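For reference, model.txt is printed below; it contains compact mmCIF, C-alpha atoms.
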# COMPACT_ATOMS: atom_id res chain seq x y z
CA MET N 521 18.01 -80.42 -144.74
CA ASN N 522 14.52 -80.93 -143.78
CA PRO N 523 12.09 -78.66 -145.32
CA ARG N 524 10.36 -76.35 -142.85
CA ARG N 525 6.99 -77.51 -141.74
CA PRO N 526 4.39 -74.94 -142.38
CA ARG N 527 3.19 -73.19 -139.24
CA ARG N 528 -0.25 -74.14 -138.05
CA PRO N 529 -2.36 -71.12 -138.17
CA VAL N 530 -3.36 -69.77 -134.74
CA ARG N 531 -7.04 -70.22 -134.28
CA HIS N 532 -8.93 -67.47 -132.44
CA HIS N 533 -11.94 -68.92 -130.69
CA SER N 534 -14.88 -66.86 -131.63
CA HIS N 535 -18.60 -67.23 -131.25
CA PRO N 536 -20.92 -66.86 -134.10
CA PRO N 537 -22.33 -63.37 -134.46
CA SER N 538 -25.70 -64.34 -133.04
CA GLN N 539 -24.24 -66.03 -129.95
CA ARG N 540 -21.81 -63.14 -129.38
CA ASN N 541 -24.69 -60.68 -129.43
CA ARG N 542 -26.55 -62.75 -126.87
CA LEU N 543 -23.55 -62.78 -124.55
CA LEU N 544 -23.10 -59.02 -124.87
CA ALA N 545 -26.74 -58.50 -124.18
CA TRP N 546 -26.58 -60.75 -121.10
CA GLY N 547 -23.49 -58.94 -119.78
CA GLY N 548 -25.05 -55.56 -120.35
CA ALA N 549 -28.22 -56.62 -118.62
CA SER N 550 -26.26 -57.89 -115.63
CA LEU N 551 -24.36 -54.62 -115.31
CA ALA N 552 -27.57 -52.64 -115.70
CA ALA N 553 -29.27 -54.71 -113.01
CA ALA N 554 -26.35 -54.21 -110.64
CA ALA N 555 -26.31 -50.50 -111.32
CA THR N 556 -30.06 -50.32 -110.83
CA ALA N 557 -29.76 -52.12 -107.50
CA VAL N 558 -27.12 -49.61 -106.35
CA ILE N 559 -29.24 -46.68 -107.50
CA VAL N 560 -32.40 -48.04 -105.86
CA THR N 561 -30.55 -48.69 -102.60
CA ALA N 562 -29.04 -45.22 -102.61
CA ALA N 563 -32.34 -43.61 -103.58
CA THR N 564 -34.23 -45.50 -100.89
CA GLY N 565 -31.80 -44.37 -98.23
CA GLY N 566 -31.86 -40.85 -99.61
CA PHE N 567 -35.66 -40.62 -99.63
CA SER N 568 -35.77 -41.93 -96.07
CA ALA N 569 -33.42 -39.16 -94.93
CA ILE N 570 -35.38 -36.52 -96.86
CA THR N 571 -38.66 -37.71 -95.36
CA LYS N 572 -37.27 -37.30 -91.85
CA LYS N 573 -36.21 -33.74 -92.59
CA VAL N 574 -39.59 -32.82 -94.05
CA THR N 575 -41.60 -34.26 -91.16
CA GLU N 576 -39.46 -32.52 -88.51
CA PRO N 577 -39.64 -28.75 -89.18
CA SER N 578 -36.62 -26.67 -88.35
CA GLN N 579 -38.80 -24.62 -86.01
CA PRO N 580 -41.26 -27.08 -84.42
CA LEU N 581 -42.87 -24.51 -82.11
CA GLN N 582 -45.21 -22.07 -83.87
CA VAL N 583 -45.97 -18.98 -81.78
CA THR N 584 -48.16 -15.92 -82.43
CA ALA N 585 -48.77 -13.01 -80.07
CA THR N 586 -51.75 -10.69 -80.40
CA THR N 587 -53.23 -7.94 -78.25
CA ASP N 588 -56.73 -8.71 -77.05
CA ARG N 589 -58.07 -5.42 -75.81
CA ILE N 590 -60.41 -4.92 -72.90
CA SER N 591 -60.28 -1.19 -73.63
CA LEU N 592 -59.81 0.03 -77.21
CA SER N 593 -58.54 3.45 -76.10
CA VAL N 594 -55.16 4.86 -77.14
CA VAL N 595 -53.10 7.93 -76.22
CA PHE N 596 -50.81 10.01 -78.46
CA PRO N 597 -47.76 11.72 -76.96
CA GLY N 598 -48.73 15.12 -78.39
CA LEU N 599 -51.66 16.94 -79.95
CA TYR N 600 -53.32 14.77 -82.55
CA THR N 601 -56.00 15.92 -84.95
CA MET N 602 -58.20 13.07 -86.04
CA PRO N 603 -58.65 13.04 -89.83
CA GLU N 604 -62.19 13.72 -90.97
CA GLU N 605 -62.55 10.23 -92.45
CA MET N 606 -62.00 8.79 -88.96
CA GLN N 607 -64.75 10.91 -87.41
CA ILE N 608 -67.38 8.36 -88.33
CA ALA N 609 -69.65 5.90 -86.62
CA VAL N 610 -67.45 2.96 -85.69
CA SER N 611 -68.12 -0.69 -84.91
CA GLY N 612 -65.87 -3.55 -83.79
CA PRO N 613 -64.03 -4.48 -87.02
CA LYS N 614 -63.78 -0.86 -88.16
CA VAL N 615 -62.36 0.49 -84.93
CA GLU N 616 -59.79 -2.33 -84.87
CA ASP N 617 -58.48 -1.18 -88.25
CA LEU N 618 -58.37 2.40 -86.96
CA ARG N 619 -56.55 1.34 -83.81
CA LYS N 620 -53.81 -0.26 -85.90
CA GLN N 621 -53.43 3.03 -87.78
CA TRP N 622 -53.21 4.95 -84.51
CA LEU N 623 -50.52 2.64 -83.13
CA THR N 624 -48.54 2.96 -86.36
CA ALA N 625 -48.80 6.75 -86.00
CA GLY N 626 -47.17 6.63 -82.53
CA ALA N 627 -50.03 6.06 -80.09
CA SER N 628 -49.91 3.68 -77.10
CA HIS N 629 -52.62 1.55 -75.58
CA PHE N 630 -54.37 3.28 -72.69
CA ASP N 631 -54.05 1.29 -69.47
CA GLU N 632 -57.54 1.77 -68.18
CA ALA N 633 -57.92 -1.96 -67.66
CA GLY N 634 -54.56 -3.45 -68.57
CA LEU N 635 -53.34 -4.83 -71.88
CA ASN N 636 -54.08 -8.49 -72.52
CA ILE N 637 -51.58 -10.34 -74.74
CA ALA N 638 -52.57 -13.75 -76.11
CA VAL N 639 -49.55 -16.00 -76.80
CA ARG N 640 -50.79 -18.90 -78.94
CA LEU N 641 -48.62 -22.03 -79.15
CA LEU N 642 -48.63 -25.00 -81.56
CA ASN N 643 -46.15 -27.89 -81.49
CA ARG N 644 -45.74 -28.95 -85.15
CA GLY N 645 -42.78 -31.24 -84.49
CA GLN N 646 -42.43 -34.87 -83.43
CA ARG N 647 -40.77 -34.17 -80.09
CA ARG N 648 -42.17 -32.74 -76.88
CA VAL N 649 -41.79 -29.00 -76.23
CA ARG N 650 -41.47 -27.59 -72.71
CA ILE N 651 -42.10 -23.87 -72.11
CA ILE N 652 -39.77 -22.84 -69.30
CA GLY N 653 -39.86 -19.05 -69.35
CA LEU N 654 -41.57 -15.85 -70.52
CA GLU N 655 -39.94 -12.51 -69.79
CA VAL N 656 -40.22 -8.83 -70.62
CA VAL N 657 -37.28 -7.57 -72.71
CA GLU N 658 -36.26 -4.25 -74.26
CA LEU N 659 -38.35 -2.43 -71.65
CA VAL N 660 -38.37 1.38 -71.91
CA GLN N 661 -40.14 3.33 -69.15
CA LYS N 662 -41.08 7.01 -69.56
CA PRO N 663 -43.63 9.35 -67.93
CA PRO N 664 -47.28 8.63 -68.83
CA LEU N 665 -48.47 10.16 -72.10
CA ASN N 666 -50.67 13.23 -71.65
CA GLY N 667 -51.25 14.41 -75.24
CA THR N 668 -54.39 13.25 -77.05
CA LEU N 669 -56.63 10.56 -75.60
CA LEU N 670 -58.96 8.64 -77.92
CA HIS N 671 -61.29 7.27 -75.27
CA LEU N 672 -63.20 4.22 -76.47
CA PRO N 673 -64.15 2.25 -73.35
CA GLY N 674 -64.32 -1.43 -74.21
CA GLN N 675 -66.90 -4.08 -73.61
CA GLY N 676 -66.35 -7.67 -72.53
CA GLY N 677 -63.33 -8.94 -70.66
CA ALA N 678 -60.16 -10.98 -70.74
CA ASP N 679 -60.03 -14.76 -71.01
CA VAL N 680 -58.91 -16.92 -68.09
CA PHE N 681 -55.24 -16.26 -67.37
CA ARG N 682 -52.47 -17.68 -65.20
CA ILE N 683 -49.66 -15.14 -65.69
CA ALA N 684 -49.44 -11.35 -65.31
CA PHE N 685 -46.67 -8.74 -65.55
CA ASN N 686 -46.25 -5.57 -63.49
CA LEU N 687 -44.51 -3.12 -65.86
CA ASP N 688 -43.83 -0.68 -63.04
CA GLU N 689 -41.01 -3.01 -61.96
CA ALA N 690 -37.51 -2.42 -63.28
CA ARG N 691 -37.26 -6.13 -64.19
CA PRO N 692 -40.81 -7.47 -64.51
CA ILE N 693 -41.20 -11.18 -63.89
CA PRO N 694 -44.19 -13.39 -64.78
CA ARG N 695 -46.37 -13.61 -61.67
CA GLU N 696 -48.73 -16.48 -61.09
CA VAL N 697 -52.38 -15.48 -60.66
CA ASP N 698 -54.88 -17.78 -58.94
CA GLY N 699 -58.51 -18.32 -59.91
CA LYS N 700 -59.65 -15.39 -57.74
CA GLY N 701 -57.23 -12.91 -59.27
CA ASN N 702 -54.74 -12.90 -56.41
CA VAL N 703 -51.15 -12.28 -57.49
CA GLN N 704 -48.74 -15.01 -56.35
CA GLY N 705 -45.01 -15.70 -56.77
CA PRO N 706 -42.97 -16.25 -59.96
CA PHE N 707 -44.88 -18.51 -62.36
CA PHE N 708 -42.02 -20.53 -63.84
CA GLN N 709 -40.20 -21.07 -60.56
CA HIS N 710 -42.08 -24.29 -59.78
CA GLN N 711 -43.84 -25.20 -63.02
CA GLU N 712 -43.61 -25.24 -66.80
CA LEU N 713 -45.94 -25.78 -69.75
CA GLU N 714 -45.66 -28.91 -71.91
CA LEU N 715 -46.85 -29.54 -75.46
CA ASN N 716 -46.71 -32.91 -77.21
CA LYS N 717 -47.00 -33.37 -80.99
CA ASP N 718 -49.88 -31.28 -82.44
CA ASP N 719 -50.78 -29.88 -79.01
CA ARG N 720 -52.06 -26.29 -78.82
CA ASP N 721 -52.19 -23.90 -75.89
CA THR N 722 -52.79 -20.21 -75.29
CA ILE N 723 -51.09 -18.21 -72.55
CA TRP N 724 -53.25 -15.20 -71.71
CA VAL N 725 -50.91 -12.56 -70.28
CA PRO N 726 -52.32 -9.34 -68.80
CA VAL N 727 -49.72 -6.60 -68.40
CA ALA N 728 -50.40 -3.50 -66.35
CA VAL N 729 -48.64 -0.23 -65.56
CA SER N 730 -49.55 2.58 -63.13
CA ARG N 731 -46.58 4.98 -63.21
CA TYR N 732 -45.08 4.92 -66.71
CA SER N 733 -45.54 4.86 -70.42
CA VAL N 734 -43.77 1.69 -71.57
CA LYS N 735 -42.61 -0.09 -74.69
CA PHE N 736 -41.41 -3.68 -74.54
CA ARG N 737 -41.20 -7.09 -76.18
CA LEU N 738 -41.61 -10.58 -74.75
CA ARG N 739 -39.12 -13.44 -74.96
CA LEU N 740 -40.27 -17.05 -74.77
CA SER N 741 -37.82 -19.79 -73.67
CA TYR N 742 -38.38 -23.50 -74.31
CA PHE N 743 -36.75 -26.92 -74.71
CA VAL N 744 -37.37 -29.21 -77.69
CA GLY N 745 -37.17 -32.93 -76.85
CA ASP N 746 -34.06 -33.82 -74.88
CA ASP N 747 -31.99 -30.90 -76.19
CA ALA N 748 -29.58 -29.62 -73.55
CA LYS N 749 -29.77 -25.99 -74.68
CA PRO N 750 -33.04 -24.00 -74.56
CA GLN N 751 -34.27 -22.03 -77.56
CA THR N 752 -35.75 -18.53 -77.40
CA MET N 753 -38.21 -16.54 -79.48
CA THR N 754 -38.94 -12.79 -79.30
CA LEU N 755 -42.58 -11.66 -79.55
CA ASP N 756 -43.93 -8.22 -80.39
CA ASP N 757 -46.99 -6.38 -81.76
CA ALA N 758 -46.85 -7.01 -85.54
CA GLY N 759 -43.21 -5.94 -85.75
CA ARG N 760 -43.51 -3.05 -83.28
CA PRO N 761 -42.85 -3.14 -79.54
CA PHE N 762 -45.95 -3.49 -77.38
CA ALA N 763 -46.85 0.03 -76.23
CA LEU N 764 -48.85 0.86 -73.10
CA THR N 765 -49.29 4.04 -71.08
CA ALA N 766 -50.57 4.49 -67.56
CA VAL N 767 -53.38 6.95 -66.88
CA ASN N 768 -51.89 10.44 -66.67
CA CYS N 769 -52.92 11.33 -63.15
CA PRO N 770 -50.90 14.13 -61.50
CA ARG N 771 -52.22 14.87 -58.01
CA GLY N 772 -54.94 12.28 -58.47
CA VAL N 773 -56.67 14.06 -61.38
CA ARG N 774 -56.87 12.59 -64.91
CA THR N 775 -55.45 15.17 -67.28
CA TYR N 776 -55.13 15.28 -71.09
CA ARG N 777 -54.53 18.11 -73.49
CA ARG N 778 -57.07 16.84 -76.03
CA ILE N 779 -59.73 14.13 -75.88
CA TYR N 780 -61.83 12.42 -78.53
CA THR N 781 -64.60 10.11 -77.44
CA SER N 782 -67.77 8.41 -78.67
CA LEU N 783 -71.00 10.22 -77.87
CA THR N 784 -73.98 8.15 -76.66
CA PRO N 785 -72.29 4.85 -77.56
CA ASP N 786 -74.18 1.60 -77.90
CA TRP N 787 -72.18 -0.47 -75.40
CA GLY N 788 -73.56 -3.78 -76.66
CA ASN N 789 -72.36 -3.33 -80.24
CA PHE N 790 -69.71 -0.71 -79.54
CA GLN N 791 -71.01 1.87 -81.98
CA GLY N 792 -70.78 5.63 -81.73
CA ARG N 793 -69.37 8.71 -83.39
CA LEU N 794 -65.90 9.90 -82.37
CA SER N 795 -65.93 13.61 -81.61
CA GLN N 796 -63.58 16.05 -79.92
CA VAL N 797 -64.42 16.97 -76.33
CA PRO N 798 -64.79 20.78 -76.01
CA ASN N 799 -63.33 21.00 -72.50
CA PRO N 800 -60.95 18.12 -71.61
CA ALA N 801 -60.57 19.35 -68.00
CA GLU N 802 -64.28 18.68 -67.38
CA TYR N 803 -64.49 15.36 -69.18
CA TRP N 804 -64.27 13.15 -66.08
CA THR N 805 -66.45 15.33 -63.82
CA PRO N 806 -69.81 13.53 -64.38
CA VAL N 807 -68.34 10.13 -63.40
CA ARG N 808 -65.66 11.24 -60.91
CA ASP N 809 -67.38 9.57 -57.94
CA ASN N 810 -67.40 6.21 -59.77
CA LEU N 811 -63.76 6.25 -60.87
CA ASP N 812 -61.10 4.08 -59.28
CA ARG N 813 -58.42 5.88 -57.35
CA CYS N 814 -55.62 7.08 -59.54
CA PRO N 815 -53.15 5.51 -59.94
CA LEU N 816 -54.52 2.03 -59.21
CA ASP N 817 -51.99 -0.46 -57.85
CA PHE N 818 -51.03 -3.61 -59.77
CA ALA N 819 -52.72 -6.17 -57.50
CA SER N 820 -56.05 -4.29 -57.57
CA LYS N 821 -55.91 -3.93 -61.34
CA ILE N 822 -55.22 -7.64 -61.89
CA LYS N 823 -58.07 -8.58 -59.57
CA GLN N 824 -60.39 -6.35 -61.58
CA ILE N 825 -59.33 -8.03 -64.83
CA ALA N 826 -59.84 -11.46 -63.25
CA GLN N 827 -63.38 -10.48 -62.24
CA LEU N 828 -64.14 -9.61 -65.86
CA THR N 829 -63.32 -13.19 -66.92
CA GLY N 830 -66.35 -14.43 -65.04
Would you mind writing the file's structure down as structure tokens?
Amino acid sequence: MNPRRPRRPVRHHSHPPSQRNRLLAWGGASLAAAATAVIVTAATGGFSAITKKVTEPSQPLQVTATTDRISLSVVFPGLYTMPEEMQIAVSGPKVEDLRKQWLTAGASHFDEAGLNIAVRLLNRGQRRVRIIGLEVVELVQKPPLNGTLLHLPGQGGADVFRIAFNLDEARPIPREVDGKGNVQGPFFQHQELELNKDDRDTIWVPVAVSRYSVKFRLRLSYFVGDDAKPQTMTLDDAGRPFALTAVNCPRGVRTYRRIYTSLTPDWGNFQGRLSQVPNPAEYWTPVRDNLDRCPLDFASKIKQIAQLTG
């Protein structure tokens, strides 16, 4: 019986500690480099996508609408007593602050020479914007206001305009106006307005009314780039509907229950003291021969406004 041969011990190949550490370090560095490459690639793609979103605003067309008055007069629906602090000498900036207070308190602009609305446009996006429509919406027509007139005849005139609205119509449409103030057909029927990147434009829009007191908003329609569906934006007077009243003129005579006006105003600087008129029925008598017929039709009123632009 042969004696058993001793088993050869199994040898586990191993690197010295220093070499093993170098291998681990190399492997870890390789994995870290690969991971870094993945992260950098993902981050680069991510930043590219984010940059595109930042440079293309969700609402590329910036629009503001403001009233640019030819006449600063307003009318309240009922009897209005002007607070003592308002019975002061007024100038341009001051009376504008007061007018905002009057509108907030329920007054409407007095349509002695129309209401001029400035629609200012800015294309902040990368794509072209095409303005294809402007319409009157939420129109409410009531009899002209005959309560308290704050009569502050304005100075100066409107800017050059291409569009005008007749608010006596049940469905007012934007009418084209030529350089001489003649009212033409629908403005957007044969043309549109175009703004490229960073382009600005202002649409000066006179609105006029002869038979009603009206409240309304405007709605702008436009295309962005090659989008198939138009976008819309509703415009108003600092959160309120635009408000305008025709001259109250039963039987051809201007009539108001109470009138405040400026006495001996300085027309150049628009300064004067607002005071109550003792006898409203006689207020127009001294200038009756120089007054336009009442009510004045839309075409004549727009032509007058156009003449003021010169």
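Here CA of Gln661 in chain N stands at a distance of 14.1 Å from CA of Asp631 in chain N.
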Subject >> Who sits within 10 Å of Glu658 in chain N, only C-alpha atoms, same chain under 4 positions skipped, as a ChimeraX atom specification >> reply: /N:734-739,761
**OP:** Counting all atoms listed in the file, note down every residue that has an atom within 9 Å of the point (-59.8, -13.7, -59.9) (file coordinates), as a ChimeraX atom specification.
**Re:** /N:680,697-702,822-830
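Distances to Val767 in chain N were evaluated for N:Arg813, N:Arg682, N:Lys749, N:Arg691 using all atoms listed in the file, and the minimum falls at N:Arg813.
For the pair CA of Leu641 in chain N and CA of Phe681 in chain N, the separation is 14.7 Å.
Using only C-alpha atoms, the smallest distance between any of N:Val729, N:Leu618, N:Val797, N:Leu755 and Ala638 in chain N comes from N:Leu755.
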